[in-house]
Each structure stands twice: as structure tokens, then as C-alpha cells.
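What follows is input_38.pdb (PDB, C-alpha atoms).
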MODEL        1
ATOM      1  CA  MET C   1       0.015-178.849 103.764  1.00  0.00           C
ATOM      2  CA  LYS C   2       2.489-176.422 102.310  1.00  0.00           C
ATOM      3  CA  PHE C   3       2.170-174.673  98.999  1.00  0.00           C
ATOM      4  CA  PHE C   4       4.563-172.562  96.935  1.00  0.00           C
ATOM      5  CA  SER C   5       4.476-168.802  96.695  1.00  0.00           C
ATOM      6  CA  TYR C   6       3.187-167.421  93.395  1.00  0.00           C
ATOM      7  CA  THR C   7       5.581-164.470  93.560  1.00  0.00           C
ATOM      8  CA  ASP C   8       8.693-166.606  93.997  1.00  0.00           C
ATOM      9  CA  PRO C   9       8.327-170.267  92.950  1.00  0.00           C
ATOM     10  CA  ASN C  10      11.515-171.176  94.815  1.00  0.00           C
ATOM     11  CA  GLU C  11      10.204-169.855  98.107  1.00  0.00           C
ATOM     12  CA  GLN C  12       7.901-172.019 100.162  1.00  0.00           C
ATOM     13  CA  VAL C  13       5.055-170.198 101.755  1.00  0.00           C
ATOM     14  CA  THR C  14       5.219-170.173 105.526  1.00  0.00           C
ATOM     15  CA  GLU C  15       1.457-169.820 105.590  1.00  0.00           C
ATOM     16  CA  ARG C  16      -0.176-173.214 105.248  1.00  0.00           C
ATOM     17  CA  VAL C  17      -3.607-174.324 104.237  1.00  0.00           C
ATOM     18  CA  ALA C  18      -5.283-173.396 107.465  1.00  0.00           C
ATOM     19  CA  PRO C  19      -6.334-176.600 109.190  1.00  0.00           C
ATOM     20  CA  ALA C  20      -9.116-174.561 110.785  1.00  0.00           C
ATOM     21  CA  GLY C  21     -10.482-173.934 107.278  1.00  0.00           C
ATOM     22  CA  LEU C  22     -11.007-177.671 106.835  1.00  0.00           C
ATOM     23  CA  ARG C  23     -12.761-178.057 110.183  1.00  0.00           C
ATOM     24  CA  PRO C  24     -16.379-178.217 108.977  1.00  0.00           C
ATOM     25  CA  VAL C  25     -15.569-181.585 107.392  1.00  0.00           C
ATOM     26  CA  LEU C  26     -12.625-182.800 109.440  1.00  0.00           C
ATOM     27  CA  ARG C  27     -13.674-181.577 112.879  1.00  0.00           C
ATOM     28  CA  GLU C  28     -11.938-184.205 114.960  1.00  0.00           C
ATOM     29  CA  PHE C  29      -8.598-184.092 113.102  1.00  0.00           C
ATOM     30  CA  SER C  30      -5.562-182.622 114.809  1.00  0.00           C
ATOM     31  CA  ASP C  31      -3.283-180.343 112.794  1.00  0.00           C
ATOM     32  CA  GLU C  32      -0.773-183.209 112.645  1.00  0.00           C
ATOM     33  CA  GLU C  33      -3.402-185.582 111.190  1.00  0.00           C
ATOM     34  CA  LEU C  34      -4.404-182.994 108.611  1.00  0.00           C
ATOM     35  CA  ASP C  35      -0.749-182.668 107.617  1.00  0.00           C
ATOM     36  CA  SER C  36      -0.459-186.439 107.210  1.00  0.00           C
ATOM     37  CA  LEU C  37      -3.282-186.351 104.625  1.00  0.00           C
ATOM     38  CA  ASP C  38      -1.066-184.182 102.396  1.00  0.00           C
ATOM     39  CA  SER C  39       0.378-187.077 100.400  1.00  0.00           C
ATOM     40  CA  PHE C  40      -3.083-188.512  99.692  1.00  0.00           C
ATOM     41  CA  VAL C  41      -4.804-185.415  98.261  1.00  0.00           C
ATOM     42  CA  ALA C  42      -4.367-183.339  95.127  1.00  0.00           C
ATOM     43  CA  GLU C  43      -4.721-179.579  95.035  1.00  0.00           C
ATOM     44  CA  LEU C  44      -6.994-178.337  92.232  1.00  0.00           C
ATOM     45  CA  ARG C  45      -7.683-174.740  91.231  1.00  0.00           C
ATOM     46  CA  PHE C  46     -10.676-173.469  89.268  1.00  0.00           C
ATOM     47  CA  ALA C  47     -11.305-170.056  87.726  1.00  0.00           C
ATOM     48  CA  THR C  48     -14.558-168.188  88.269  1.00  0.00           C
ATOM     49  CA  GLY C  49     -17.354-169.871  86.314  1.00  0.00           C
ATOM     50  CA  SER C  50     -15.452-173.123  85.760  1.00  0.00           C
ATOM     51  CA  ARG C  51     -17.438-176.324  85.952  1.00  0.00           C
ATOM     52  CA  ILE C  52     -15.878-178.558  88.618  1.00  0.00           C
ATOM     53  CA  VAL C  53     -18.324-181.464  88.357  1.00  0.00           C
ATOM     54  CA  ALA C  54     -21.057-182.030  85.763  1.00  0.00           C
ATOM     55  CA  VAL C  55     -24.295-183.938  86.229  1.00  0.00           C
ATOM     56  CA  GLY C  56     -23.747-187.519  85.102  1.00  0.00           C
ATOM     57  CA  GLU C  57     -19.949-187.274  85.333  1.00  0.00           C
ATOM     58  CA  ARG C  58     -18.153-190.201  86.914  1.00  0.00           C
ATOM     59  CA  SER C  59     -15.831-188.822  89.532  1.00  0.00           C
ATOM     60  CA  ASP C  60     -14.664-190.721  92.563  1.00  0.00           C
ATOM     61  CA  ALA C  61     -13.150-187.735  94.355  1.00  0.00           C
ATOM     62  CA  LEU C  62     -14.219-186.212  97.633  1.00  0.00           C
ATOM     63  CA  LEU C  63     -13.673-182.465  97.187  1.00  0.00           C
ATOM     64  CA  ILE C  64     -13.011-180.108 100.100  1.00  0.00           C
ATOM     65  CA  ILE C  65     -13.016-176.360  99.462  1.00  0.00           C
ATOM     66  CA  VAL C  66      -9.843-174.682 100.740  1.00  0.00           C
ATOM     67  CA  SER C  67     -10.696-171.220  99.395  1.00  0.00           C
ATOM     68  CA  GLY C  68     -13.414-169.716  97.247  1.00  0.00           C
ATOM     69  CA  SER C  69     -17.010-170.810  96.879  1.00  0.00           C
ATOM     70  CA  VAL C  70     -18.983-173.302  94.823  1.00  0.00           C
ATOM     71  CA  ARG C  71     -22.527-173.298  93.465  1.00  0.00           C
ATOM     72  CA  ILE C  72     -24.260-176.684  93.587  1.00  0.00           C
ATOM     73  CA  THR C  73     -27.067-177.269  91.094  1.00  0.00           C
ATOM     74  CA  ALA C  74     -29.381-180.136  90.206  1.00  0.00           C
ATOM     75  CA  GLY C  75     -30.642-180.859  86.696  1.00  0.00           C
ATOM     76  CA  GLU C  76     -28.734-180.470  83.452  1.00  0.00           C
ATOM     77  CA  ALA C  77     -27.420-177.097  82.295  1.00  0.00           C
ATOM     78  CA  GLY C  78     -30.044-175.360  80.152  1.00  0.00           C
ATOM     79  CA  LYS C  79     -32.675-177.975  81.020  1.00  0.00           C
ATOM     80  CA  GLY C  80     -34.192-176.839  84.279  1.00  0.00           C
ATOM     81  CA  GLU C  81     -30.960-176.532  86.227  1.00  0.00           C
ATOM     82  CA  ARG C  82     -31.691-175.149  89.698  1.00  0.00           C
ATOM     83  CA  GLU C  83     -29.420-174.049  92.509  1.00  0.00           C
ATOM     84  CA  VAL C  84     -29.637-176.234  95.590  1.00  0.00           C
ATOM     85  CA  ASP C  85     -26.729-174.939  97.652  1.00  0.00           C
ATOM     86  CA  ARG C  86     -23.703-172.677  97.882  1.00  0.00           C
ATOM     87  CA  LEU C  87     -20.632-173.996  99.637  1.00  0.00           C
ATOM     88  CA  ARG C  88     -17.658-172.138 101.046  1.00  0.00           C
ATOM     89  CA  GLU C  89     -14.270-172.800 102.622  1.00  0.00           C
ATOM     90  CA  GLY C  90     -14.098-176.025 104.607  1.00  0.00           C
ATOM     91  CA  GLU C  91     -17.200-177.579 103.079  1.00  0.00           C
ATOM     92  CA  ALA C  92     -17.206-180.724 100.942  1.00  0.00           C
ATOM     93  CA  PHE C  93     -19.004-182.047  97.890  1.00  0.00           C
ATOM     94  CA  GLY C  94     -18.815-185.123  95.691  1.00  0.00           C
ATOM     95  CA  ILE C  95     -19.504-187.202  98.800  1.00  0.00           C
ATOM     96  CA  ALA C  96     -21.995-189.642  97.248  1.00  0.00           C
ATOM     97  CA  SER C  97     -19.801-190.379  94.222  1.00  0.00           C
ATOM     98  CA  PHE C  98     -16.777-190.781  96.489  1.00  0.00           C
ATOM     99  CA  LEU C  99     -18.639-193.330  98.590  1.00  0.00           C
ATOM    100  CA  ASP C 100     -20.493-195.317  95.922  1.00  0.00           C
ATOM    101  CA  GLY C 101     -18.616-194.625  92.676  1.00  0.00           C
ATOM    102  CA  GLU C 102     -21.832-193.697  90.862  1.00  0.00           C
ATOM    103  CA  ALA C 103     -22.214-190.782  88.450  1.00  0.00           C
ATOM    104  CA  SER C 104     -22.797-187.364  89.980  1.00  0.00           C
ATOM    105  CA  ALA C 105     -26.384-186.243  90.521  1.00  0.00           C
ATOM    106  CA  ILE C 106     -25.273-182.614  90.979  1.00  0.00           C
ATOM    107  CA  ALA C 107     -23.168-180.062  89.160  1.00  0.00           C
ATOM    108  CA  ALA C 108     -20.621-177.855  90.882  1.00  0.00           C
ATOM    109  CA  THR C 109     -19.397-174.521  89.509  1.00  0.00           C
ATOM    110  CA  ALA C 110     -16.768-172.173  90.951  1.00  0.00           C
ATOM    111  CA  LEU C 111     -18.389-168.877  91.920  1.00  0.00           C
ATOM    112  CA  GLU C 112     -14.966-167.259  92.244  1.00  0.00           C
ATOM    113  CA  SER C 113     -11.381-168.397  92.011  1.00  0.00           C
ATOM    114  CA  THR C 114     -11.566-171.618  94.022  1.00  0.00           C
ATOM    115  CA  GLN C 115      -9.035-174.070  95.401  1.00  0.00           C
ATOM    116  CA  VAL C 116     -10.090-177.574  96.432  1.00  0.00           C
ATOM    117  CA  LEU C 117      -8.391-180.633  97.800  1.00  0.00           C
ATOM    118  CA  ALA C 118      -9.383-183.849  96.033  1.00  0.00           C
ATOM    119  CA  LEU C 119      -9.186-187.225  97.740  1.00  0.00           C
ATOM    120  CA  ARG C 120      -9.748-190.005  95.209  1.00  0.00           C
ATOM    121  CA  ARG C 121     -11.039-193.443  96.199  1.00  0.00           C
ATOM    122  CA  ALA C 122      -7.722-195.100  95.223  1.00  0.00           C
ATOM    123  CA  ALA C 123      -5.816-192.655  97.436  1.00  0.00           C
ATOM    124  CA  PHE C 124      -8.275-193.327 100.245  1.00  0.00           C
ATOM    125  CA  ALA C 125      -7.666-197.086  99.833  1.00  0.00           C
ATOM    126  CA  GLN C 126      -3.931-196.440 100.260  1.00  0.00           C
ATOM    127  CA  LEU C 127      -4.632-194.282 103.304  1.00  0.00           C
ATOM    128  CA  ALA C 128      -6.767-197.060 104.773  1.00  0.00           C
ATOM    129  CA  ALA C 129      -3.989-199.605 104.207  1.00  0.00           C
ATOM    130  CA  TRP C 130      -1.201-197.440 105.621  1.00  0.00           C
ATOM    131  CA  LYS C 131      -3.061-195.480 108.300  1.00  0.00           C
ATOM    132  CA  PRO C 132      -6.298-197.296 109.103  1.00  0.00           C
ATOM    133  CA  ALA C 133      -7.097-195.230 112.198  1.00  0.00           C
ATOM    134  CA  LEU C 134      -6.819-192.037 110.184  1.00  0.00           C
ATOM    135  CA  ALA C 135      -9.039-193.467 107.421  1.00  0.00           C
ATOM    136  CA  ILE C 136     -11.661-194.487 109.994  1.00  0.00           C
ATOM    137  CA  SER C 137     -11.522-190.997 111.522  1.00  0.00           C
ATOM    138  CA  LEU C 138     -11.982-189.464 108.083  1.00  0.00           C
ATOM    139  CA  LEU C 139     -15.055-191.614 107.404  1.00  0.00           C
ATOM    140  CA  GLN C 140     -16.514-190.781 110.830  1.00  0.00           C
ATOM    141  CA  ASP C 141     -16.004-187.058 110.258  1.00  0.00           C
ATOM    142  CA  LEU C 142     -17.429-187.338 106.749  1.00  0.00           C
ATOM    143  CA  ALA C 143     -20.507-189.146 108.096  1.00  0.00           C
ATOM    144  CA  ALA C 144     -21.026-186.508 110.808  1.00  0.00           C
ATOM    145  CA  TYR C 145     -20.566-183.679 108.280  1.00  0.00           C
ATOM    146  CA  THR C 146     -23.025-185.311 105.867  1.00  0.00           C
ATOM    147  CA  SER C 147     -25.557-185.790 108.650  1.00  0.00           C
ATOM    148  CA  ARG C 148     -25.291-182.103 109.663  1.00  0.00           C
ATOM    149  CA  ARG C 149     -25.719-181.004 106.021  1.00  0.00           C
ATOM    150  CA  LEU C 150     -28.764-183.250 105.536  1.00  0.00           C
ATOM    151  CA  ARG C 151     -30.373-181.839 108.693  1.00  0.00           C
ATOM    152  CA  GLN C 152     -29.753-178.276 107.433  1.00  0.00           C
ATOM    153  CA  LEU C 153     -31.283-179.094 104.054  1.00  0.00           C
ATOM    154  CA  GLU C 154     -34.286-180.818 105.675  1.00  0.00           C
ATOM    155  CA  ALA C 155     -34.873-177.798 107.905  1.00  0.00           C
ATOM    156  CA  ALA C 156     -34.751-175.495 104.874  1.00  0.00           C
ATOM    157  CA  CYS C 157     -37.425-177.496 102.983  1.00  0.00           C
TER     158      CYS C 157
ENDMDL
END
Could you write out this file's structure as C-alpha cells?
Amino acid sequence: MKFFSYTDPNEQVTERVAPAGLRPVLREFSDEELDSLDSFVAELRFATGSRIVAVGERSDALLIIVSGSVRITAGEAGKGEREVDRLREGEAFGIASFLDGEASAIAATALESTQVLALRRAAFAQLAAWKPALAISLLQDLAAYTSRRLRQLEAAC
């Protein structure tokens, strides 16, 4: 996935989103497979303190952190909101809403300037139609990642 330089918008950056940085979620993907996801994801940037997802918001996007960090909270802002996790590069959130289309049970806030890749359900449906093996691999990796995260959270409780 190539991005443009901020110093010269006409120059493409030779440095790419490091596939290794996406490995916690997409462990089994080759660099070539990660590159093929490029046309299915959107790059989003958030300033420090920006709300990425609010409790109760309907969002169908799986979000993978490319750079920065995100604070995950439960409960509504100002009404008993409590931190449940902090995520960093390569980690994902919005998984439940991506899978079931229901409103978010968590809020996500950028702790610093943060870049994420968003894969919407409609884009995933296109991926599944055009590259079913890749879509299956993505779901398998997402399931394994989610299982690892649940085990970590259970151990912490």
C-alpha cells in the first residue's frame, strides 16, 4: 500500500505501510496479499484526542491501526466511561460491528496522531466475490486475532 509524501505531493513515498505492522491481525498474509487489499480499504487519519468510534454509533468498518495508538473505553462519555484497553500499531477494533452490523458497544479515541485502515462490510463483500480465498484468509486471521485478544483480556480479569 503506497502513500504520498507530505513534503512533495507529486512524489510517491518509497516507504510503504509496513506489512509487518499489520501482522498482529493479518498474521498469515504474504506481503503480496496485503498489497492486494489496498483497493478494498480506506486510509483514515485522526488527530490526538479525536473520537474514532462512539458508543452506540453504527459503523460497519473493521479498523486496523497503521500508526499511533487508540484508547478503548466502555460506557458513555461523562457517564461512567472506563478504559478497557489501549491498542497500538497492527491491532484492530470495530470487529463486532464489522461482523454483525450492530451499534458499537465501545468508544475509540486517538491517543496521538493515528492512521487506520478501514475495511467496510460492502468492500469486504466485493473482496469475497472477487478474491474468495483472500476473504476467507482474512476472516480466519480475524478470528485467530480475536481469540488471542479475548484470552489476554480473560487472563487480565
Just say which residues the PyMOL selection byres ((chain C and resi 64) around 9) picks in this file, as a ChimeraX atom specification. /C:22,25,62-63,65-66,89-94,115-119
So how far away is CA of Ala61 in chain C from CA of Pro132 in chain C, in Å? 18.9 Å
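The interatomic distance for the pair CA of Ser97 in chain C and CA of Ile52 in chain C works out to 13.7 Å.
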Given 4 Å of margin on each side, can you work out the centre and size in Å (one decimal) of an axis-aligned box holding every listed atom of range 64-79 of chain C, as AutoDock Vina command-line options?
--center_x -21.3 --center_y -175.3 --center_z 90.4 --size_x 30.8 --size_y 19.1 --size_z 28.6
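When only C-alpha atoms are used to measure the gap to Leu150 in chain C, the shortest distance among C:Glu43, C:Asp100, C:Asp85, C:Asp38 belongs to C:Asp85.
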Given only C-alpha atoms as the basis, pick out the residue of C:Thr73, C:Gln152, C:Ser67, C:Ser36 nearest to Ala54 in chain C.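 Of all the options, C:Thr73 lies closest to Ala54 in chain C.
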Please provide the set of residues having any atom within 7 Å of Ala103 in chain C, restricted to only C-alpha atoms, with same-chain residues fewer than 4 positions apart removed, written as a list in words.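 What passes the distance filter is Gly56, Glu57, Arg58, Ser59 and Ser97 of chain C.
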Counting all atoms listed in the file, figure out which residue out of C:Leu37, C:Ile72, C:Ala42, C:Ile136 gets nearest to Arg120 in chain C. C:Ala42
For Gly49 in chain C, please output as a ChimeraX atom specification all residues within 7 Å (counting all atoms listed in the file; exclusion window: fewer than 3 positions along the same chain). /C:109-112
Please indicate the distance in Å from CA of Ala129 in chain C to CA of Ser39 in chain C, rounded to one decimal place.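 CA of Ser39 in chain C lies at a distance of 13.8 Å from CA of Ala129 in chain C.
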Of the candidates C:Thr48, C:Ser137, C:Thr146, C:Thr114, which one gets nearest to Ser69 in chain C if we count all atoms listed in the file? C:Thr114
Let me make sure I understand: among C:Ala107, C:Leu134, C:Ile95, C:Val41, which one has the smallest atom-to-atom distance to Ser147 in chain C if we use all atoms listed in the file?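 Of C:Ala107, C:Leu134, C:Ile95, C:Val41, the one nearest Ser147 in chain C is C:Ile95, counting all atoms listed in the file.
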Counting only C-alpha atoms, which of C:Ala125, C:Ser113, C:Leu142, C:Ile106 gets nearest to Ser50 in chain C?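 Among the listed residues, C:Ser113 lies closest to Ser50 in chain C.
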List every protein, DNA or RNA residue that has at least one atom no more than 7 Å from (-31.0, -178.9, 90.3) in the file's coordinates, counting only C-alpha atoms, and write the result as a short mmCIF file (atom, residue, chain, number, x, y, z; two decimals) with C-alpha atoms, in the frame of the given file.
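And here's selection_20.cif as it stands now:
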data_model
loop_
_atom_site.label_atom_id
_atom_site.label_comp_id
_atom_site.auth_asym_id
_atom_site.auth_seq_id
_atom_site.Cartn_x
_atom_site.Cartn_y
_atom_site.Cartn_z
CA THR C 73 -27.07 -177.27 91.09
CA ALA C 74 -29.38 -180.14 90.21
CA GLY C 75 -30.64 -180.86 86.70
CA GLU C 81 -30.96 -176.53 86.23
CA ARG C 82 -31.69 -175.15 89.70
CA GLU C 83 -29.42 -174.05 92.51
CA VAL C 84 -29.64 -176.23 95.59
CA ILE C 106 -25.27 -182.61 90.98
#
